[in-house]
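Heads up, the thing below is written out as C-alpha cells.
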Amino acid sequence: MKNLIFFLAIAGSLLLTSCGAGPGAEEPLDRDHLSELIQALNGTLQEQKDQERTDTATARDLADRAEEFAQRFPQDTLAPKFLFQAATASRGIGDFNKAVELWSKVATEYNSHRKAPEALFLQGFTLDENLRDTTRARRQYEAFLEQYPKHPLANDARVLLEAIRTGKSAGDLVEEFKQQQQE
C-alpha cells in the first residue's frame, strides 16, 4: 500500500511538472486576447461611469492587465493608450498613487504619444488635488510647461502652479482674474 501511495505521488508530481506550472497557474494571454480583455474591462468601466459606485476589482484588473501589456509589448501602439485608460480608471476608484504611476509611464516611456502631455498634466493635478503633494505637483506642472508651453492645458497648468506658489485655491485665482478684467 505504501508503494502505491508513493507511486501515485510521484506520478502526480510528474504530471503537474510536465503540464507547466502547478495547479491554478494560467498561461499568459497572447497579444490579441490580452488586448481584447483590456478593451472589455475598459468597456465595463465605461458602462458603470454613470453609476454611483465603480467596480474597483475591474478597475484594478484593468490596471494590472494594461501594465502587463506594456511590459510584454512595449513597442505596441496600444500600450500607452491602455496605460492611460488604466490611470484614469485608477483615479476614478480613488487609487491616486496608481494613477500617478501609470500616467508617469505614459509621459516618460511614451513621451511622443499624443496622450503624453495630458498624462504629465494629470500627474500634477492628481498629486495636487487628491494627494495634496504640492511639492511634487509643482515639479510636474513646471515640467509640463517646459515641455509643452503651447499645449491647450498650459494655461490651466499656469493657474494651478500659481495657486501652489501663492497658497490660494485655483478658484480664488480665477475670481481675482475676473475682477481684474472688470476693472
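Starting from 1 in every chain, residues are counted up; chains themselves are A, B, ... following the order of the C-alpha cells, and ligands are numbered from 1 as listed.
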**Within 12 Å of Gln48 in chain A using only C-alpha atoms, minus same-chain residues under 5 positions, as a PyMOL selection string** = chain A and resi 41-43+53-56+58-59+89+92-93
**Sel. of alpha helix (DSSP H) residues, range 36-110 of chain A, as a PyMOL selection string** = chain A and resi 36-47+56-72+78-92+96-109
**Item:** Spatial neighbours of range 145-147 of chain A, 10 Å, only C-alpha atoms, chain gap at least 6 places, as a PyMOL selection string
**Value:** chain A and resi 117+120-121+139+153-155+157-158+161
**Asked** From the list A:Arg91, A:Lys115, A:His33, A:Arg132, which residue is nearest His151 in chain A when using only C-alpha atoms?
**Response**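 So, comparing all the options, the nearest one is A:Lys115.
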**Request:** Considering only C-alpha atoms, state which residue in the set A:Phe125, A:Asn130, A:Val106, A:Gln46 is at the smallest distance from Phe82 in chain A.
**Result:**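 Going through A:Phe125, A:Asn130, A:Val106, A:Gln46 one by one, the smallest distance to Phe82 in chain A is for A:Val106.
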**Message:** List as a list in words the protein and nucleic acid residues near Asp76 in chain A, meaning an atom at most 10 Å away when only C-alpha atoms are counted, but skip any in the same chain fewer than 6 places from it.
**Reply:**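 Result of the neighbour search: Arg31, Phe69 and Ala70 of chain A.
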Could you please take those selected residues and save N, CA and C atoms as a PDB file, in the first residue's frame?
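part_12.pdb was written with the following content:
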```
ATOM      1  N   ARG A  31      -1.085  38.517 -27.423  1.00  0.00           N
ATOM      2  CA  ARG A  31      -1.309  39.950 -27.586  1.00  0.00           C
ATOM      3  C   ARG A  31      -2.771  40.278 -27.882  1.00  0.00           C
ATOM      4  N   PHE A  69       0.447  44.350 -20.454  1.00  0.00           N
ATOM      5  CA  PHE A  69       0.521  44.571 -21.906  1.00  0.00           C
ATOM      6  C   PHE A  69       1.727  45.448 -22.240  1.00  0.00           C
ATOM      7  N   ALA A  70       1.898  46.544 -21.513  1.00  0.00           N
ATOM      8  CA  ALA A  70       3.010  47.463 -21.788  1.00  0.00           C
ATOM      9  C   ALA A  70       4.361  46.803 -21.528  1.00  0.00           C
TER      10      ALA A  70
END
```
**Prompt:** Within 12 Å of Leu127 in chain A, counting only C-alpha atoms, which residues qualify if same-chain residues fewer than 3 places away don't, as a list in words?
**Reply:**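 Here the answer would be Arg91, Asp95, Phe96, Asn97, Lys98, Ala99, Val100, Glu101, Trp103, Ser104, Leu120, Phe121, Leu122, Gln123, Gly124, Asn130, Leu131, Arg132, Asp133, Thr134, Thr135, Arg136, Ala137, Arg138, Arg139, Gln140, Tyr141, Leu160 and Ile164 of chain A.
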Please dump the current selection as a PDB file, in the first residue's frame; keep C-alpha atoms.
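Writing done, so here's selection-v1.pdb:
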```pdb
ATOM      1  CA  ARG A  91      -8.079  57.709 -10.308  1.00  0.00           C
ATOM      2  CA  ASP A  95      -6.254  54.785  -6.245  1.00  0.00           C
ATOM      3  CA  PHE A  96      -4.419  58.058  -6.821  1.00  0.00           C
ATOM      4  CA  ASN A  97      -0.899  56.709  -6.378  1.00  0.00           C
ATOM      5  CA  LYS A  98      -1.536  54.071  -9.044  1.00  0.00           C
ATOM      6  CA  ALA A  99      -2.969  56.705 -11.381  1.00  0.00           C
ATOM      7  CA  VAL A 100       0.125  58.893 -10.954  1.00  0.00           C
ATOM      8  CA  GLU A 101       2.386  55.882 -11.530  1.00  0.00           C
ATOM      9  CA  TRP A 103       0.434  58.418 -16.110  1.00  0.00           C
ATOM     10  CA  SER A 104       4.145  58.703 -15.369  1.00  0.00           C
ATOM     11  CA  LEU A 120       2.075  64.701 -17.422  1.00  0.00           C
ATOM     12  CA  PHE A 121      -0.535  67.354 -16.593  1.00  0.00           C
ATOM     13  CA  LEU A 122      -2.816  64.818 -14.877  1.00  0.00           C
ATOM     14  CA  GLN A 123       0.067  63.596 -12.741  1.00  0.00           C
ATOM     15  CA  GLY A 124       0.486  67.107 -11.394  1.00  0.00           C
ATOM     16  CA  ASN A 130      -6.026  64.370  -4.474  1.00  0.00           C
ATOM     17  CA  LEU A 131      -2.732  63.537  -2.777  1.00  0.00           C
ATOM     18  CA  ARG A 132      -2.052  67.100  -1.546  1.00  0.00           C
ATOM     19  CA  ASP A 133       1.616  66.704  -2.503  1.00  0.00           C
ATOM     20  CA  THR A 134       2.196  70.251  -3.713  1.00  0.00           C
ATOM     21  CA  THR A 135       5.975  69.814  -3.959  1.00  0.00           C
ATOM     22  CA  ARG A 136       5.723  67.002  -6.493  1.00  0.00           C
ATOM     23  CA  ALA A 137       2.724  68.643  -8.181  1.00  0.00           C
ATOM     24  CA  ARG A 138       4.720  71.844  -8.688  1.00  0.00           C
ATOM     25  CA  ARG A 139       7.534  69.850 -10.331  1.00  0.00           C
ATOM     26  CA  GLN A 140       5.061  68.147 -12.670  1.00  0.00           C
ATOM     27  CA  TYR A 141       3.383  71.422 -13.660  1.00  0.00           C
ATOM     28  CA  LEU A 160      -2.598  75.715 -10.806  1.00  0.00           C
ATOM     29  CA  ILE A 164       0.514  76.354  -5.334  1.00  0.00           C
TER      30      ILE A 164
END
```
**Asked** Between A:Leu62, A:Leu37, A:Ala79, A:Ala163, which has the minimum distance to Glu109 in chain A (counting only C-alpha atoms)?
**Response** A:Ala79
